[in-house]
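Only one structure is covered here, and it is reproduced in the block below.
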2 protein chains.
Amino acid sequence: MNRFDGVLAPVITPFTKDLLPDGERLTAHCQWLVNQGVGLAVFGTNSEANSLSIDEKLVLLDELVTAGIDPDLMMPGTGCCALSDTVRLTAHAVTLGSRGTLMLPPFYYKDVPEDGLFAFYSEVIQRVAEESLRIYLYHIPAVSQIPISLRLIERLAKTYPSIIAGIKDSSGDWSNTQALNELAIDDFRVFCGAETFLLQNMQSGGAGCISATVNVYPSPIKDLYENWQAEDAEQKQDHLNEIRQIFQRFPMIPSLKTATSIYSGDSSWLRVRPPLLSLTDDQQTSLKDQLESAGFEMPGL
Amino acid sequence: MNRFDGVLAPVITPFTKDLLPDGERLTAHCQWLVNQGVGLAVFGTNSEANSLSIDEKLVLLDELVTAGIDPDLMMPGTGCCALSDTVRLTAHAVTLGSRGTLMLPPFYYKDVPEDGLFAFYSEVIQRVAEESLRIYLYHIPAVSQIPISLRLIERLAKTYPSIIAGIKDSSGDWSNTQALNELAIDDFRVFCGAETFLLQNMQSGGAGCISATVNVYPSPIKDLYENWQAEDAEQKQDHLNEIRQIFQRFPMIPSLKTATSIYSGDSSWLRVRPPLLSLTDDQQTSLKDQLESAGFEMPGL
């Protein structure tokens with residue numbers, strides 16, 4: 001199975017007015033993202049994945065594939081706190097034909113030994129027991145509080161060379177992304193967790209990015225990915241940074257949903273599950289004004 | 001429904017050799033704890049609750065009640081990251097007749113607004129929609145990374161006075177436990193999260209403790225709870241502290257399981273689910289020696 005490269009969105013998850021996952025709107029948003037040329041990291045942090053039950057995620061995956069979303073474009077997040085949950089969700093994603101899975105470490109217990117994390121990933125791999133399993137590790141220490149060290153990655157990749165396929169680095173620390181690109185692991189795919197580092201990552205031999213704002217600005221981010229060696233690459237990077245900074249002035253997940261609501265005309269996109277909160281009316285207006293001033297658009301949404 | 005007081009164990013969870021939850025051994029351990037006079041906070045942090053799936057927890061609850069464990073003695077942990085999971089598990093615990101539930105805040109997303117946590121607990125209460133629901137909030141900021149502030153507690157208790165019944169304070173910060181005991185909330189039950197604070201908590205009007213080491217030393221801890229006004233209470237507290245300090249020299253959960261294995265002669269108790277690891281042979285020997293020197297025992301196990 002070919003490993004991923006390129007640009008993927010940690011796809012935002014719409015909710016019905018009862019706060020149930022809305023498979024129909026999710027499918028439509030995935031279809032729009034695919035049309036813009038990006039891949040689908042459904043059930044990422046920005047998907048409110050950890051505010052969904054395993055059963056809700058299994059049903060959504062089935063709905064997406066049944067609706068015709070190509071599993072070869074999908075890298076579902078499948079890492080949960082419980083070994084049993086991670087195995088169940090990962091096995092289902094593999095059975096549906098997902099080209100890869102993005103796997104958080106178990107994140108409730110803190111200060112766990114590196115041997116314990118190795119044992120967790122090993123148990124998952126052995127219990128899923130599918131040759132086509134491809135794991136992209138998910139390093140997001142500010143949220144998970146469980147860092148994935150270079151040493152752990154090397155050990156996992158050495159033990160499971162065909163399965164450990166890459167990493168999403170959401171540390172926000174360029175020196176870590178750089179170190180990942182320098183690991184002596186064959187064909188290891190390094191994705192930065194924000195497009196802010198996309199040009200640097202491509203220059204360092206990285207594979208692309210998996211970033212919140214790909215949900216709302218897929219085509220320009222994909223454009224930089226495809227043309228990172230062109231003369232105007234730095235200008236493109238500067239423009240992406242400008243847009244991202246606007247979103248970062250607000251809580252990220254509700255601001256992505258607000259932009260999607262504004263540009264689709266569908267206010268149901270404003271909903272989030274607690275403990276997150278929707279943007280206030282004032283925040284929504286402010287986000288809208290800033291995006292318009294920056295020439296932001298979501299064509300075809 | 002009467003609110004809890006006294007001493008409860010966050011009951012350790014045994015696993016089969018395939019690392020599946022072992023309902024039979026769990027029932028036996030619960031029965032032993034009940035015989036020692038303590039209550040059952042199954043699915044706490046020390047239960048490896050967050051290494052279990054919701055389905056695994058639902059099955060274990062059913063097994064315990066079917067086996068005759070009195071739900072009036074049970075305060076299952078039911079707080080998960082996902083609203084849907086928390087509602088499902090809480091509703092099941094209430095249906096089975098649990099006298100209370102111990103509820104973590106959703107713990108994946110960090111730096112969430114207090115209004116978002118209020119909305120989470122409110123949604124749970126409204127969706128469970130059972131008059132007999134009693135929630136004991138679970139404040140364990142070092143692990144959950146989501147503190148439950150005094151202001152949030154006051155707001156929840158004011159809005160849901162019959163449902164918000166108390167709190168387990170695992171902050172390890174006595175000044176916080178003291179402040180909780182001084183809240184102007186009618187019949188609010190404050191449990192310290194370690195018996196180290198049991199005497200102080202009782203002197204300050206607290207309700208008791210819910211502590212890791214109740215799993216292995218229930219009767220002496222219950223004895224201090226019952227006799228905290230006796231002349232020798234400080235000596236008893238000192239002895240409990242000495243025993244606890246031994247356990248704290250090792251990772252807590254595997255050391256509780258090791259003691260249970262040693263004193264029951266059942267080595268299956270040594271098993272933990274990754275990312276936790278069992279104690280090494282050397283650690284097991286060292287724990288055993290230290291416990292013996294301190295006159296520790298687990299009679300009737």
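Chain labels run A, B, ... following the order of the structure tokens; each chain numbers its residues from 1, and ligands are numbered from 1 in the order shown.
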Spatial neighbours of Leu89 in chain B, 10 Å, only C-alpha atoms, chain gap at least 3 places, as a compact mmCIF listing (two decimals) with C-alpha atoms, in the first residue's frame:
```txt
# COMPACT_ATOMS: atom_id res chain seq x y z
CA ILE B 54 -17.48 1.67 27.43
CA ASP B 55 -18.79 -1.75 26.44
CA LYS B 57 -17.42 -1.18 31.61
CA LEU B 58 -21.12 -1.82 30.95
CA LEU B 61 -21.20 -3.34 35.96
CA PRO B 76 -18.80 4.00 39.38
CA GLY B 77 -16.59 6.40 37.46
CA THR B 78 -18.59 7.44 34.40
CA GLY B 79 -16.89 10.59 33.06
CA CYS B 80 -15.44 10.12 29.57
CA SER B 84 -22.30 10.38 24.29
CA ASP B 85 -20.10 7.93 26.24
CA THR B 86 -20.58 9.74 29.54
CA HIS B 92 -26.60 2.54 32.88
CA ALA B 93 -25.09 3.03 36.33
CA VAL B 94 -28.23 4.86 37.48
CA THR B 95 -30.51 2.18 36.02
CA THR B 101 -21.38 8.27 39.99
CA VAL B 128 -29.57 11.03 31.59
```
Within 8 Å of chain A, which residues of chain B are there when counting only C-alpha atoms? Please give them as a list in words.
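For chain B, the answer reads Asn50, Ser51, Leu52, Ser53, Cys81, Ala82, Leu83, Ser84, Asp85, Pro106, Phe107, Tyr108, Tyr109, Lys110, Val112, Pro113, Asp115, Gly116, Leu117, Phe118, Ala119, Phe120, Val143, Ser144, Arg273, Pro274, Pro275, Leu276 and Leu277 of chain B.
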Requested write-out: N, CA, C and O atoms of the selected residues, as a compact mmCIF listing (two decimals), in the first residue's frame:
```
# COMPACT_ATOMS: atom_id res chain seq x y z
N ASN B 50 -9.81 4.25 32.27
CA ASN B 50 -9.66 4.85 30.96
C ASN B 50 -8.84 3.99 30.01
O ASN B 50 -8.57 4.40 28.88
N SER B 51 -8.49 2.80 30.46
CA SER B 51 -7.94 1.80 29.55
C SER B 51 -8.98 0.75 29.19
O SER B 51 -8.67 -0.26 28.57
N LEU B 52 -10.23 0.99 29.60
CA LEU B 52 -11.35 0.09 29.30
C LEU B 52 -12.31 0.78 28.34
O LEU B 52 -12.53 1.99 28.45
N SER B 53 -12.91 0.02 27.44
CA SER B 53 -13.94 0.59 26.57
C SER B 53 -15.26 0.73 27.35
O SER B 53 -15.43 0.12 28.41
N CYS B 81 -14.36 11.29 27.74
CA CYS B 81 -14.10 12.46 26.88
C CYS B 81 -15.35 12.84 26.09
O CYS B 81 -15.60 14.01 25.85
N ALA B 82 -16.08 11.83 25.65
CA ALA B 82 -17.21 12.08 24.75
C ALA B 82 -18.51 12.17 25.54
O ALA B 82 -18.82 11.30 26.36
N LEU B 83 -19.27 13.21 25.25
CA LEU B 83 -20.58 13.40 25.86
C LEU B 83 -21.43 12.13 25.74
O LEU B 83 -22.03 11.67 26.72
N SER B 84 -21.45 11.54 24.54
CA SER B 84 -22.30 10.38 24.29
C SER B 84 -21.88 9.20 25.18
O SER B 84 -22.74 8.47 25.69
N ASP B 85 -20.58 9.01 25.37
CA ASP B 85 -20.10 7.93 26.24
C ASP B 85 -20.48 8.19 27.70
O ASP B 85 -20.90 7.28 28.42
N PRO B 106 -14.58 16.07 30.74
CA PRO B 106 -13.99 15.60 29.48
C PRO B 106 -12.54 16.08 29.44
O PRO B 106 -12.28 17.25 29.73
N PHE B 107 -11.61 15.19 29.11
CA PHE B 107 -10.20 15.49 29.39
C PHE B 107 -9.27 15.50 28.19
O PHE B 107 -8.06 15.60 28.35
N TYR B 108 -9.81 15.41 26.96
CA TYR B 108 -8.88 15.50 25.82
C TYR B 108 -8.55 16.96 25.49
O TYR B 108 -7.39 17.36 25.49
N TYR B 109 -9.56 17.76 25.24
CA TYR B 109 -9.34 19.15 24.85
C TYR B 109 -8.91 19.94 26.08
O TYR B 109 -9.54 19.83 27.14
N LYS B 110 -7.82 20.70 25.94
CA LYS B 110 -7.27 21.43 27.08
C LYS B 110 -7.67 22.91 27.00
O LYS B 110 -8.09 23.39 25.94
N VAL B 112 -10.17 24.43 28.03
CA VAL B 112 -11.56 24.66 27.60
C VAL B 112 -12.20 25.67 28.55
O VAL B 112 -11.83 25.77 29.71
N PRO B 113 -13.16 26.44 28.04
CA PRO B 113 -13.79 27.46 28.89
C PRO B 113 -14.65 26.82 29.98
O PRO B 113 -15.22 25.74 29.79
N ASP B 115 -17.49 27.76 30.91
CA ASP B 115 -18.85 27.62 30.37
C ASP B 115 -19.00 26.32 29.58
O ASP B 115 -20.09 25.73 29.54
N GLY B 116 -17.93 25.87 28.95
CA GLY B 116 -17.97 24.63 28.19
C GLY B 116 -18.06 23.42 29.11
O GLY B 116 -18.77 22.45 28.82
N LEU B 117 -17.36 23.49 30.24
CA LEU B 117 -17.47 22.39 31.22
C LEU B 117 -18.86 22.38 31.85
O LEU B 117 -19.45 21.31 32.06
N PHE B 118 -19.37 23.57 32.16
CA PHE B 118 -20.73 23.65 32.69
C PHE B 118 -21.71 23.04 31.68
O PHE B 118 -22.60 22.27 32.05
N ALA B 119 -21.54 23.39 30.42
CA ALA B 119 -22.43 22.87 29.37
C ALA B 119 -22.33 21.35 29.28
O ALA B 119 -23.34 20.66 29.09
N PHE B 120 -21.11 20.82 29.43
CA PHE B 120 -20.92 19.37 29.37
C PHE B 120 -21.71 18.68 30.49
O PHE B 120 -22.51 17.77 30.24
N VAL B 143 -3.73 14.63 36.39
CA VAL B 143 -3.96 13.59 35.39
C VAL B 143 -4.91 14.10 34.30
O VAL B 143 -4.59 14.07 33.12
N SER B 144 -6.08 14.58 34.70
CA SER B 144 -7.05 15.02 33.68
C SER B 144 -6.60 16.31 32.99
O SER B 144 -6.97 16.57 31.86
N ARG B 273 -2.96 -3.19 31.76
CA ARG B 273 -3.05 -2.92 30.31
C ARG B 273 -2.03 -1.84 29.95
O ARG B 273 -1.88 -0.87 30.69
N PRO B 274 -1.36 -1.97 28.80
CA PRO B 274 -0.53 -0.87 28.37
C PRO B 274 -1.41 0.39 28.17
O PRO B 274 -2.57 0.23 27.80
N PRO B 275 -0.90 1.59 28.41
CA PRO B 275 0.51 1.95 28.52
C PRO B 275 1.14 1.69 29.90
O PRO B 275 2.30 2.02 30.08
N LEU B 276 0.40 1.12 30.85
CA LEU B 276 1.02 0.82 32.14
C LEU B 276 1.86 -0.46 32.00
O LEU B 276 1.64 -1.26 31.10
N LEU B 277 2.80 -0.61 32.90
CA LEU B 277 3.64 -1.80 32.93
C LEU B 277 3.57 -2.41 34.33
O LEU B 277 3.46 -1.68 35.32
```
Quick one: residues within 9 Å of His29 in chain B, only C-alpha atoms, excluding same-chain residues fewer than 5 positions away - as a compact mmCIF listing (two decimals) with N, CA and C atoms, in the first residue's frame?
```
# COMPACT_ATOMS: atom_id res chain seq x y z
N VAL B 11 -11.63 0.68 42.72
CA VAL B 11 -11.29 -0.75 42.68
C VAL B 11 -10.38 -1.12 41.50
N ILE B 12 -9.26 -1.74 41.78
CA ILE B 12 -8.36 -2.20 40.72
C ILE B 12 -9.06 -3.25 39.86
N GLU B 24 -14.96 -12.08 37.07
CA GLU B 24 -15.05 -12.98 38.21
C GLU B 24 -14.10 -12.53 39.34
N VAL B 34 -16.02 -5.05 50.35
CA VAL B 34 -17.29 -4.83 51.07
C VAL B 34 -17.22 -5.47 52.45
N ASN B 215 -7.77 -0.10 48.28
CA ASN B 215 -7.80 -1.42 47.64
C ASN B 215 -7.07 -2.48 48.43
N LEU B 301 -8.05 -12.15 52.33
CA LEU B 301 -8.05 -11.99 50.87
C LEU B 301 -7.99 -13.35 50.21
```
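Restricting the calculation to only C-alpha atoms, the smallest distance between Gly68 in chain A and any of A:Phe191, A:Thr196, A:Tyr263, A:Ala28 is found for A:Ala28.
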Å distance separating CA of Pro10 in chain B from CA of Leu133 in chain B, one decimal place
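CA of Pro10 in chain B sits 19.5 Å away from CA of Leu133 in chain B.
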Let's see if you can do this: from backbone DSSP, list all alpha helix (DSSP H) residues in range 208-292 of chain A, as a count of residues only.
50
In terms of the shortest atom-to-atom distance over only C-alpha atoms, which of A:Leu240, A:Ala212, A:Leu156, A:Leu199 is closest to Trp174 in chain A?
A:Leu199
Counting only C-alpha atoms, figure out which residue out of A:Met75, A:Leu8, A:Ile69, A:Leu287 gets nearest to Arg249 in chain A.
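Checking each of A:Met75, A:Leu8, A:Ile69, A:Leu287 against Arg249 in chain A, counting only C-alpha atoms, the winner is A:Leu287.
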Identify, on the basis of only C-alpha atoms, every residue whose closest approach to range 159-164 of chain B does not exceed 7 Å; exclude the query and any residue fewer than 6 positions from it along the same chain; express the result as a VMD selection string.
chain B and resid 133 to 136
Per DSSP on the backbone, what are the strand (DSSP E or B) residues of range 9-198 of chain A, as number ranges by chain?
A: 9, 15, 21, 39-40, 74, 77, 101-103, 135-139, 164-169, 189-192
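Counting only C-alpha atoms, Ser293 in chain B has the following residues at most 12 Å away, ignoring those fewer than 5 positions along the same chain: Glu242, Ile243, Ile246, Ser286, Leu287 and Lys288 of chain B.
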